[in-house]
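Read through the structure below, which is laid out as structure tokens, and then see the notes.
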Amino acid sequence: MSDNVDDLPLAGLRVLDFAQFLAGPVAALRLSDLGAEVIKVERPQGGDLCRSMVVNDQRLGDDSLVFHTFNRGKKSVAADLKQPDDLATVKSLIETADVMIHNFRPGVMERIGLDYDTVRKLNPRLVYGSVTGYGISGPWRDKPGQDLLVQSLSGIAWLSGNADAGPTPTGFAMLDVATAGNLVQGILACLVRRGTTGKGGLVEVDLLTSAIDMTFEQFTCFLNDGGKQPVRTEIGNANPYQPAPYGLYETADGHMAFAMTPLATVAELLETPEIGHYTQDQAFTHLNEIKSIVAGVFAQKPTQHWLDILEPAGIWCAEVLDWPQFVSSDGFKAADLIQTIKLEGGESAVTTKCPIRIDGVAPMKEAAAPLLGADTDALATTG
Amino acid sequence: MSLPLEGVLIVDFSQFLAGPYASLRLQDLGARVIKIENPDGGDLCRQIYLSPQMMEQESTLFHSINRGKESLTLDLKSQCGLADAKALITHADVVIQNFRPGVIQKLGLGYDVVSQIKPSVVYGSVSGFGTDGPWANLPGQDLLAQARSGLMWLSGNCDDGPVPVGLPLADILAGANLAHGLLAGLYKQATQGIGSLVETSLLESLVDAQFEFLTTYINSDHQMPQRLSDGSAHGYLEAPYGVYKTLDGQLALAMSSLSSLAVALESRELGQLAQTPRAGFSQRERIREIVAQKLMANTARAWEELLSVTGIWCARILDWPELMVSDTFKKLQMTSTMGQDDLAQTLMRSPLRVDGRRPEAVSLGPTLNQNGDDLRREFDL
């Protein structure tokens, strides 16, 4: 069992992380959690812009707490890529690396001289990962590759919320997380191939493609259904293509999620014969009518009343929790989802941990994110 | 250059979404995936319809997530079915399962057994809520995992109640996390010849997805993020971040400098607010009102052009028909159409490019046991 970093699957790999903000650094974090050494290469003035992106007035040390959540456990080298000396140092680091990741806009790495074609001559075994907002060509290539903006352009903002709600984006950086995941997959697959061919590779991902991939089931329906925009339900929408009763319902004291359930079963358990009059095919065609009947029933009694009826019958349903309820639930505690990170000076914070368990253990390191340039001297001399 | 996972054999016992999404990702990267299905109908996803449409008699959903795979039916509760599964596993580099906790052990194909048969195997297991604890036996369904994770209070406006994400977020992220672990395991297998057990769950994946702001929450006095009364897009980010109505269509504004915005919108009040430290937080609703009122004077398309040249991060909100006709979408080459005219069916392709090339979508999902005879011959079952 891996209780020690050297046993982790990526132990011994070196990753250079030139990226800032989210998608690139989150990908590098995942590689770090899986055992790789990750070195952030940052500009000397201020470093990664996220260091100063303070949310809710929360910091750990001199940097924003948010910065630590996805840069914990990494090293930092400060380098000005426009200065020949610094660039030479970075190139010698690249010669020692297995992976590099960047998220500069298209064309920037070419100007600096760290594009894939140049860098592979320095290190043919290198796996090179690049993140953009909208791909490397096309009319949107120079638009800012920011999560909310890509949600807006990709049609994703029209999947959540109810029919009359207007566009409803997802309220956290969902696309950065998904894009990071795609980058990790490409990088790891190229490392597996390197094991047999000895050669590195180029992996390119972008937020827009990742957005479309996330909607694969719905977008495939859309593509094969004459290109008709999906219609959200009037109440309790949770997926525009799911038949009734799929969705959320208000109860007398809270909210319930109600997943795929045959209409006949709904009619029986909720003692609602009106629903029994609909055929199963009408679960698609009469979504709003059926859902409003279900809503009327659920509203009359508290959540626990419904759970007591539905859960023993094997129905897929759940109480809707907010963070205070979730964090104090037995399910949260049992799943062991958080870890403590510490600065060298002892200051600490609590954060989420790697969502993957290897040989039964979720990999954990205690280190918080590095100070800007913390490892510059050590790494510049040893390479 | 060849696809990176060519030569990797995956024996996939999983059904529905999270497991099959992981094997789809590896399939796109070159792996060969053999789906093991029960003879009595196979993967339940074959019968789950998101719309009345079908492709080759099966749900569109099934094909979208099982394209390019092979199918073999085995009755794992029978001795010969189990023996065939074990024989196949001796050839496998990766095994995937997503039965409820305990079921695969009862069937006799738990990691302890499989790693005896094939010590170098990378064994991937995905559950709803982990393998023990009070939620372990709850159904591992996407909407229910979203409901329990607190995530439904992050989207929508403050009067909306909980708002789920309208796509199977937990399944997709858990599938991606499983793929990461499997790939890291394959790397270890290639370099050290050692197998590993990789586990994740819908719940862990949703917590991971909320890492930024759940961390903020846990380390504060447990203050929930506040959604706005209108156009909310993020509980913790300062104004003007959000969605705005215009004369025609909607516009999203990301993190933007208030002073640039004040100039672009010609608003004196906004200019004064921009002088106040942290006004984006303390005057969040007021700033929103000013911006919302100004943006009503022109169309989203006009604002996007006007504001973009001043460096303000904004985007017009598109629906899918609008996205489809954009040149950018065409350039991405994310879709692949098979067949012609009335029989044409369009599938999506891999979300990543390797060595400059997006892997092709090679075929629809298999019919049940489509490859049974060939596989039995090939692996001598």
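Going through the structure tokens in order, the chains are called A, B, and so on, while each chain numbers its residues from 1 and the ligands are numbered from 1 in the order shown.
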Please identify all polymer residues within 12 Å of Gly113 in chain A, counting only C-alpha atoms, omitting same-chain residues fewer than 6 positions from it, and present them as a PyMOL selection string. chain A and resi 81-84+87-88+90-91+107+119-122
Would you put the residues from that selection into a file with all heavy atoms, as a tab-separated table (two decimals), in the first residue's frame?
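File part.tsv, as written:
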```tsv
chain	number	residue	atom	x	y	z
A	81	LEU	N	11.27	35.12	-18.78
A	81	LEU	CA	11.55	34.41	-20.02
A	81	LEU	C	12.03	35.33	-21.14
A	81	LEU	O	12.49	34.87	-22.18
A	81	LEU	CB	10.30	33.64	-20.48
A	81	LEU	CG	9.78	32.59	-19.48
A	81	LEU	CD1	8.51	31.94	-19.99
A	81	LEU	CD2	10.83	31.54	-19.19
A	82	LYS	N	11.95	36.66	-20.90
A	82	LYS	CA	12.45	37.60	-21.90
A	82	LYS	C	13.93	37.91	-21.69
A	82	LYS	O	14.55	38.58	-22.51
A	82	LYS	CB	11.62	38.89	-21.87
A	82	LYS	CG	10.22	38.66	-22.43
A	82	LYS	CD	9.38	39.92	-22.37
A	82	LYS	CE	7.94	39.61	-22.76
A	82	LYS	NZ	6.99	40.40	-21.99
A	83	GLN	N	14.49	37.48	-20.55
A	83	GLN	CA	15.91	37.70	-20.27
A	83	GLN	C	16.71	36.47	-20.70
A	83	GLN	O	16.42	35.36	-20.26
A	83	GLN	CB	16.14	37.93	-18.76
A	83	GLN	CG	15.50	39.19	-18.20
A	83	GLN	CD	16.10	40.44	-18.81
A	83	GLN	OE1	17.27	40.46	-19.22
A	83	GLN	NE2	15.28	41.49	-18.92
A	84	PRO	N	17.76	36.68	-21.54
A	84	PRO	CA	18.52	35.53	-22.05
A	84	PRO	C	19.07	34.61	-20.95
A	84	PRO	O	19.02	33.39	-21.08
A	84	PRO	CB	19.65	36.18	-22.84
A	84	PRO	CG	19.15	37.54	-23.20
A	84	PRO	CD	18.21	37.96	-22.11
A	87	LEU	N	16.25	32.62	-19.50
A	87	LEU	CA	15.77	31.67	-20.50
A	87	LEU	C	16.72	30.47	-20.60
A	87	LEU	O	16.29	29.32	-20.72
A	87	LEU	CB	15.61	32.37	-21.85
A	87	LEU	CG	14.95	31.56	-22.96
A	87	LEU	CD1	13.53	31.15	-22.57
A	87	LEU	CD2	14.91	32.35	-24.27
A	88	ALA	N	18.03	30.75	-20.53
A	88	ALA	CA	19.01	29.66	-20.60
A	88	ALA	C	18.84	28.72	-19.42
A	88	ALA	O	18.91	27.49	-19.56
A	88	ALA	CB	20.42	30.24	-20.64
A	90	VAL	N	16.09	28.20	-17.75
A	90	VAL	CA	14.85	27.45	-17.96
A	90	VAL	C	15.07	26.34	-18.99
A	90	VAL	O	14.61	25.21	-18.82
A	90	VAL	CB	13.72	28.41	-18.42
A	90	VAL	CG1	12.54	27.64	-18.97
A	90	VAL	CG2	13.28	29.27	-17.24
A	91	LYS	N	15.84	26.64	-20.04
A	91	LYS	CA	16.10	25.59	-21.04
A	91	LYS	C	16.88	24.42	-20.43
A	91	LYS	O	16.64	23.27	-20.77
A	91	LYS	CB	16.85	26.18	-22.24
A	91	LYS	CG	15.93	27.00	-23.14
A	91	LYS	CD	16.62	27.42	-24.41
A	91	LYS	CE	15.60	28.07	-25.35
A	91	LYS	NZ	16.23	28.65	-26.55
A	107	GLY	N	0.83	31.49	-30.04
A	107	GLY	CA	1.88	32.34	-30.60
A	107	GLY	C	2.92	32.83	-29.60
A	107	GLY	O	4.05	33.12	-29.96
A	119	VAL	N	11.51	23.00	-28.43
A	119	VAL	CA	11.81	22.34	-27.16
A	119	VAL	C	12.09	20.84	-27.34
A	119	VAL	O	12.94	20.27	-26.66
A	119	VAL	CB	10.63	22.60	-26.19
A	119	VAL	CG1	10.65	21.65	-25.03
A	119	VAL	CG2	10.65	24.03	-25.70
A	120	ARG	N	11.43	20.21	-28.30
A	120	ARG	CA	11.65	18.76	-28.48
A	120	ARG	C	13.08	18.48	-28.95
A	120	ARG	O	13.58	17.37	-28.77
A	120	ARG	CB	10.63	18.18	-29.45
A	120	ARG	CG	10.83	18.62	-30.89
A	120	ARG	CD	9.62	18.42	-31.74
A	120	ARG	NE	9.41	17.01	-32.06
A	120	ARG	CZ	8.63	16.62	-33.05
A	120	ARG	NH1	7.97	17.50	-33.79
A	120	ARG	NH2	8.49	15.34	-33.29
A	121	LYS	N	13.73	19.51	-29.58
A	121	LYS	CA	15.13	19.31	-29.97
A	121	LYS	C	16.03	19.30	-28.73
A	121	LYS	O	17.04	18.60	-28.69
A	121	LYS	CB	15.58	20.40	-30.95
A	121	LYS	CG	14.84	20.28	-32.28
A	121	LYS	CD	15.36	21.27	-33.31
A	121	LYS	CE	14.46	21.26	-34.54
A	121	LYS	NZ	13.65	22.51	-34.64
A	122	LEU	N	15.64	20.08	-27.70
A	122	LEU	CA	16.40	20.07	-26.44
A	122	LEU	C	16.19	18.77	-25.70
A	122	LEU	O	17.07	18.28	-25.00
A	122	LEU	CB	15.91	21.19	-25.51
A	122	LEU	CG	16.09	22.65	-25.92
A	122	LEU	CD1	15.40	23.55	-24.89
A	122	LEU	CD2	17.59	22.96	-25.97
```
Would you list which chain B residues are within 6 Å of chain A using only C-alpha atoms, as a short mmCIF file (atom, residue, chain, number, x, y, z; two decimals) with N, CA and C atoms, in the first residue's frame?
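Saved to selection03.cif:
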```cif
data_model
loop_
_atom_site.label_atom_id
_atom_site.label_comp_id
_atom_site.auth_asym_id
_atom_site.auth_seq_id
_atom_site.Cartn_x
_atom_site.Cartn_y
_atom_site.Cartn_z
N PRO B 4 -1.18 7.02 -28.42
CA PRO B 4 -0.31 6.64 -27.30
C PRO B 4 -0.67 5.33 -26.60
N LEU B 50 -32.56 9.53 -23.61
CA LEU B 50 -32.67 10.93 -23.21
C LEU B 50 -33.61 11.65 -24.15
N LEU B 61 -27.54 7.88 -26.26
CA LEU B 61 -26.63 7.98 -25.12
C LEU B 61 -25.65 6.81 -25.10
N GLY B 133 -18.77 3.47 4.96
CA GLY B 133 -19.44 4.65 5.48
C GLY B 133 -20.93 4.58 5.22
N PRO B 134 -21.70 5.48 5.84
CA PRO B 134 -23.16 5.38 5.81
C PRO B 134 -23.79 5.60 4.43
N TRP B 135 -23.06 6.21 3.50
CA TRP B 135 -23.64 6.45 2.18
C TRP B 135 -23.19 5.42 1.14
N LEU B 144 -28.25 12.64 -7.70
CA LEU B 144 -28.28 12.42 -6.26
C LEU B 144 -26.94 12.80 -5.63
N ALA B 147 -26.92 16.44 -5.44
CA ALA B 147 -27.79 16.91 -4.35
C ALA B 147 -27.07 16.89 -3.02
N ARG B 148 -26.27 15.83 -2.78
CA ARG B 148 -25.64 15.69 -1.46
C ARG B 148 -24.37 16.51 -1.31
N GLY B 150 -23.62 19.69 -1.94
CA GLY B 150 -23.69 21.14 -1.71
C GLY B 150 -23.58 21.97 -2.98
N LEU B 154 -24.62 26.65 -5.78
CA LEU B 154 -23.61 27.54 -6.37
C LEU B 154 -24.09 28.21 -7.65
N SER B 155 -25.04 27.59 -8.35
CA SER B 155 -25.52 28.16 -9.61
C SER B 155 -26.90 28.78 -9.40
N GLY B 156 -27.33 29.58 -10.35
CA GLY B 156 -28.65 30.21 -10.25
C GLY B 156 -28.62 31.43 -9.35
N PRO B 164 -29.38 22.36 -9.98
CA PRO B 164 -28.40 21.36 -10.39
C PRO B 164 -27.71 21.78 -11.69
N VAL B 165 -26.51 21.27 -11.91
CA VAL B 165 -25.86 21.46 -13.20
C VAL B 165 -26.55 20.52 -14.19
N GLY B 166 -26.98 21.07 -15.34
CA GLY B 166 -27.84 20.32 -16.25
C GLY B 166 -27.12 19.33 -17.14
N LEU B 167 -26.06 18.72 -16.65
CA LEU B 167 -25.38 17.65 -17.37
C LEU B 167 -24.78 16.72 -16.32
N HIS B 180 -7.45 9.18 -15.02
CA HIS B 180 -6.13 9.66 -14.55
C HIS B 180 -5.42 8.58 -13.76
N LEU B 183 -4.27 5.69 -15.95
CA LEU B 183 -3.10 6.05 -16.77
C LEU B 183 -1.83 6.11 -15.92
N ALA B 184 -1.95 6.68 -14.73
CA ALA B 184 -0.79 6.71 -13.84
C ALA B 184 -0.38 5.27 -13.52
N GLY B 185 -1.38 4.40 -13.30
CA GLY B 185 -1.10 2.99 -13.05
C GLY B 185 -0.44 2.31 -14.25
N TYR B 187 1.44 3.80 -16.36
CA TYR B 187 2.83 4.29 -16.39
C TYR B 187 3.69 3.48 -15.42
N LYS B 188 3.14 3.23 -14.23
CA LYS B 188 3.88 2.44 -13.24
C LYS B 188 4.08 1.01 -13.75
N SER B 196 -1.71 -1.86 -9.93
CA SER B 196 -2.26 -1.06 -8.83
C SER B 196 -3.78 -1.06 -8.84
N LEU B 197 -4.31 -0.68 -7.70
CA LEU B 197 -5.76 -0.52 -7.53
C LEU B 197 -6.06 0.96 -7.53
N VAL B 198 -6.95 1.39 -8.41
CA VAL B 198 -7.32 2.81 -8.51
C VAL B 198 -8.79 2.94 -8.18
N GLU B 199 -9.12 3.80 -7.22
CA GLU B 199 -10.53 3.96 -6.83
C GLU B 199 -10.91 5.44 -6.80
N THR B 200 -12.10 5.73 -7.24
CA THR B 200 -12.64 7.07 -7.03
C THR B 200 -14.15 6.94 -6.90
N GLU B 204 -16.28 12.06 -4.19
CA GLU B 204 -14.93 12.62 -4.16
C GLU B 204 -14.70 13.56 -5.34
N SER B 205 -15.25 13.19 -6.48
CA SER B 205 -15.02 13.98 -7.69
C SER B 205 -15.75 15.32 -7.62
N PHE B 211 -13.06 22.46 -5.22
CA PHE B 211 -11.90 22.64 -4.34
C PHE B 211 -11.66 24.09 -3.96
N GLU B 212 -11.77 24.99 -4.95
CA GLU B 212 -11.41 26.39 -4.70
C GLU B 212 -12.24 26.99 -3.59
N THR B 215 -12.81 25.07 -0.10
CA THR B 215 -11.68 25.39 0.77
C THR B 215 -11.88 26.74 1.44
N ALA B 233 -23.35 34.23 -11.36
CA ALA B 233 -22.53 33.24 -12.05
C ALA B 233 -21.45 32.68 -11.15
N HIS B 234 -21.34 33.22 -9.95
CA HIS B 234 -20.27 32.77 -9.06
C HIS B 234 -20.48 33.37 -7.68
N ALA B 315 -18.39 37.88 -23.16
CA ALA B 315 -18.80 36.99 -24.25
C ALA B 315 -20.31 37.04 -24.39
N ILE B 317 -23.81 35.28 -25.00
CA ILE B 317 -24.23 33.93 -24.63
C ILE B 317 -24.92 33.27 -25.81
N LEU B 318 -24.36 32.15 -26.22
CA LEU B 318 -24.87 31.44 -27.39
C LEU B 318 -25.65 30.20 -26.98
N ASP B 319 -26.58 29.80 -27.81
CA ASP B 319 -27.16 28.46 -27.65
C ASP B 319 -26.51 27.55 -28.68
N TRP B 320 -26.91 26.28 -28.71
CA TRP B 320 -26.19 25.35 -29.58
C TRP B 320 -26.35 25.65 -31.07
N THR B 328 -15.38 28.97 -35.39
CA THR B 328 -14.53 28.34 -34.39
C THR B 328 -14.96 26.90 -34.15
N LYS B 331 -13.82 24.73 -36.93
CA LYS B 331 -12.37 24.51 -36.88
C LYS B 331 -11.97 23.44 -35.87
N PRO B 351 -11.78 14.99 -26.67
CA PRO B 351 -11.57 16.41 -26.36
C PRO B 351 -10.10 16.81 -26.37
N LEU B 352 -9.20 15.95 -26.79
CA LEU B 352 -7.81 16.39 -26.81
C LEU B 352 -7.13 15.98 -28.10
N ARG B 353 -6.10 16.73 -28.46
CA ARG B 353 -5.32 16.40 -29.65
C ARG B 353 -3.95 15.90 -29.23
N VAL B 354 -3.51 14.84 -29.86
CA VAL B 354 -2.20 14.28 -29.56
C VAL B 354 -1.35 14.42 -30.81
N ASP B 355 -0.16 14.98 -30.65
CA ASP B 355 0.74 15.23 -31.77
C ASP B 355 0.02 15.99 -32.89
#
```
Using the chain letters and numbers from this document, which residues of range 42-147 of chain B does DSSP assign to helix (DSSP H, G or I), as a PyMOL selection string? chain B and resi 44-47+60-66+79-89+103-107+111-117+142-147
Mind writing the picked residues with N, CA, C and O atoms as a short mmCIF file (atom, residue, chain, number, x, y, z; two decimals), in the first residue's frame?
```cif
data_model
loop_
_atom_site.label_atom_id
_atom_site.label_comp_id
_atom_site.auth_asym_id
_atom_site.auth_seq_id
_atom_site.Cartn_x
_atom_site.Cartn_y
_atom_site.Cartn_z
N LEU B 44 -27.22 -1.37 -18.99
CA LEU B 44 -28.54 -0.74 -18.82
C LEU B 44 -28.68 0.53 -19.66
O LEU B 44 -29.77 0.95 -20.02
N CYS B 45 -27.56 1.12 -19.98
CA CYS B 45 -27.56 2.35 -20.77
C CYS B 45 -28.10 2.13 -22.19
O CYS B 45 -28.54 3.09 -22.83
N ARG B 46 -28.06 0.89 -22.65
CA ARG B 46 -28.63 0.61 -23.97
C ARG B 46 -30.11 1.01 -24.00
O ARG B 46 -30.65 1.32 -25.05
N GLN B 47 -30.75 0.96 -22.83
CA GLN B 47 -32.19 1.21 -22.77
C GLN B 47 -32.54 2.56 -22.15
O GLN B 47 -33.70 2.84 -21.91
N THR B 60 -29.22 6.86 -28.14
CA THR B 60 -28.12 7.73 -28.58
C THR B 60 -27.06 7.81 -27.49
O THR B 60 -25.87 7.81 -27.75
N LEU B 61 -27.54 7.88 -26.26
CA LEU B 61 -26.63 7.98 -25.12
C LEU B 61 -25.65 6.81 -25.10
O LEU B 61 -24.45 6.97 -24.90
N PHE B 62 -26.18 5.59 -25.34
CA PHE B 62 -25.32 4.42 -25.33
C PHE B 62 -24.19 4.56 -26.35
O PHE B 62 -23.02 4.30 -26.06
N HIS B 63 -24.55 4.98 -27.55
CA HIS B 63 -23.53 5.10 -28.60
C HIS B 63 -22.54 6.22 -28.30
O HIS B 63 -21.36 6.12 -28.60
N SER B 64 -23.05 7.31 -27.71
CA SER B 64 -22.16 8.44 -27.49
C SER B 64 -21.04 8.07 -26.51
O SER B 64 -19.97 8.64 -26.56
N ILE B 65 -21.28 7.11 -25.67
CA ILE B 65 -20.28 6.79 -24.66
C ILE B 65 -19.63 5.42 -24.87
O ILE B 65 -18.66 5.08 -24.19
N ASN B 66 -20.13 4.63 -25.81
CA ASN B 66 -19.54 3.31 -26.05
C ASN B 66 -19.03 3.13 -27.47
O ASN B 66 -18.71 2.02 -27.88
N GLN B 79 -20.53 -20.62 -13.82
CA GLN B 79 -19.12 -21.03 -13.71
C GLN B 79 -18.36 -20.78 -14.99
O GLN B 79 -17.23 -20.30 -14.97
N CYS B 80 -19.00 -21.09 -16.13
CA CYS B 80 -18.22 -20.92 -17.36
C CYS B 80 -18.07 -19.45 -17.73
O CYS B 80 -17.04 -19.05 -18.24
N GLY B 81 -19.09 -18.64 -17.39
CA GLY B 81 -18.95 -17.20 -17.64
C GLY B 81 -17.81 -16.62 -16.82
O GLY B 81 -17.00 -15.83 -17.32
N LEU B 82 -17.74 -17.02 -15.57
CA LEU B 82 -16.68 -16.54 -14.69
C LEU B 82 -15.31 -17.01 -15.18
O LEU B 82 -14.33 -16.25 -15.18
N ALA B 83 -15.26 -18.27 -15.62
CA ALA B 83 -13.99 -18.82 -16.11
C ALA B 83 -13.53 -18.05 -17.36
O ALA B 83 -12.35 -17.73 -17.51
N ASP B 84 -14.49 -17.72 -18.24
CA ASP B 84 -14.13 -16.94 -19.44
C ASP B 84 -13.61 -15.56 -19.06
O ASP B 84 -12.64 -15.07 -19.65
N ALA B 85 -14.27 -14.94 -18.08
CA ALA B 85 -13.83 -13.61 -17.64
C ALA B 85 -12.40 -13.69 -17.12
O ALA B 85 -11.55 -12.84 -17.45
N LYS B 86 -12.12 -14.72 -16.33
CA LYS B 86 -10.77 -14.85 -15.77
C LYS B 86 -9.74 -15.12 -16.88
O LYS B 86 -8.63 -14.58 -16.84
N ALA B 87 -10.14 -15.92 -17.86
CA ALA B 87 -9.22 -16.20 -18.96
C ALA B 87 -8.91 -14.91 -19.72
O ALA B 87 -7.76 -14.65 -20.09
N LEU B 88 -9.92 -14.09 -19.92
CA LEU B 88 -9.73 -12.83 -20.65
C LEU B 88 -8.85 -11.88 -19.85
O LEU B 88 -8.00 -11.16 -20.40
N ILE B 89 -9.04 -11.89 -18.53
CA ILE B 89 -8.26 -10.99 -17.67
C ILE B 89 -6.76 -11.29 -17.74
O ILE B 89 -5.94 -10.39 -17.59
N VAL B 103 -20.25 -6.03 -4.54
CA VAL B 103 -20.81 -6.93 -5.55
C VAL B 103 -19.72 -7.66 -6.34
O VAL B 103 -19.79 -8.88 -6.53
N ILE B 104 -18.69 -6.95 -6.75
CA ILE B 104 -17.65 -7.58 -7.57
C ILE B 104 -16.90 -8.64 -6.74
O ILE B 104 -16.48 -9.67 -7.28
N GLN B 105 -16.76 -8.41 -5.44
CA GLN B 105 -16.12 -9.40 -4.58
C GLN B 105 -16.97 -10.67 -4.52
O GLN B 105 -16.47 -11.78 -4.59
N LYS B 106 -18.31 -10.48 -4.41
CA LYS B 106 -19.21 -11.64 -4.38
C LYS B 106 -19.15 -12.42 -5.68
O LYS B 106 -19.23 -13.64 -5.70
N LEU B 107 -18.99 -11.70 -6.78
CA LEU B 107 -18.88 -12.37 -8.07
C LEU B 107 -17.55 -13.12 -8.20
O LEU B 107 -17.38 -13.98 -9.06
N TYR B 111 -10.39 -7.08 -6.56
CA TYR B 111 -8.98 -6.81 -6.88
C TYR B 111 -8.06 -7.89 -6.35
O TYR B 111 -7.09 -8.28 -7.01
N ASP B 112 -8.37 -8.42 -5.15
CA ASP B 112 -7.49 -9.45 -4.59
C ASP B 112 -7.41 -10.66 -5.51
O ASP B 112 -6.34 -11.22 -5.75
N VAL B 113 -8.56 -11.08 -6.08
CA VAL B 113 -8.57 -12.24 -6.98
C VAL B 113 -7.88 -11.89 -8.31
O VAL B 113 -7.01 -12.61 -8.80
N VAL B 114 -8.27 -10.75 -8.87
CA VAL B 114 -7.77 -10.38 -10.20
C VAL B 114 -6.26 -10.15 -10.17
O VAL B 114 -5.53 -10.52 -11.10
N SER B 115 -5.76 -9.57 -9.08
CA SER B 115 -4.31 -9.32 -9.03
C SER B 115 -3.52 -10.62 -8.83
O SER B 115 -2.32 -10.66 -9.09
N GLN B 116 -4.21 -11.68 -8.38
CA GLN B 116 -3.57 -13.01 -8.36
C GLN B 116 -3.46 -13.55 -9.78
O GLN B 116 -2.44 -14.12 -10.18
N ILE B 117 -4.56 -13.39 -10.53
CA ILE B 117 -4.58 -13.89 -11.91
C ILE B 117 -3.57 -13.14 -12.77
O ILE B 117 -2.88 -13.72 -13.60
N ASP B 142 -25.90 10.41 -10.70
CA ASP B 142 -25.36 11.76 -10.83
C ASP B 142 -26.14 12.83 -10.07
O ASP B 142 -25.60 13.57 -9.26
N LEU B 143 -27.46 12.92 -10.32
CA LEU B 143 -28.26 13.98 -9.72
C LEU B 143 -28.24 13.87 -8.19
O LEU B 143 -28.20 14.87 -7.48
N LEU B 144 -28.25 12.64 -7.70
CA LEU B 144 -28.28 12.42 -6.26
C LEU B 144 -26.94 12.80 -5.63
O LEU B 144 -26.89 13.34 -4.52
N ALA B 145 -25.86 12.53 -6.34
CA ALA B 145 -24.54 12.94 -5.84
C ALA B 145 -24.45 14.46 -5.85
O ALA B 145 -23.94 15.07 -4.89
N GLN B 146 -24.95 15.10 -6.89
CA GLN B 146 -24.97 16.58 -6.91
C GLN B 146 -25.78 17.10 -5.71
O GLN B 146 -25.38 18.06 -5.05
N ALA B 147 -26.92 16.44 -5.44
CA ALA B 147 -27.79 16.91 -4.35
C ALA B 147 -27.07 16.89 -3.02
O ALA B 147 -27.21 17.81 -2.21
#
```
Tell me which protein, DNA and RNA residues are within 7 Å of Gly73 in chain A, counting only C-alpha atoms, leaving out same-chain ones fewer than 4 positions away, and put them as JSON, numbers by chain. {"A": [365, 367, 368, 369]}
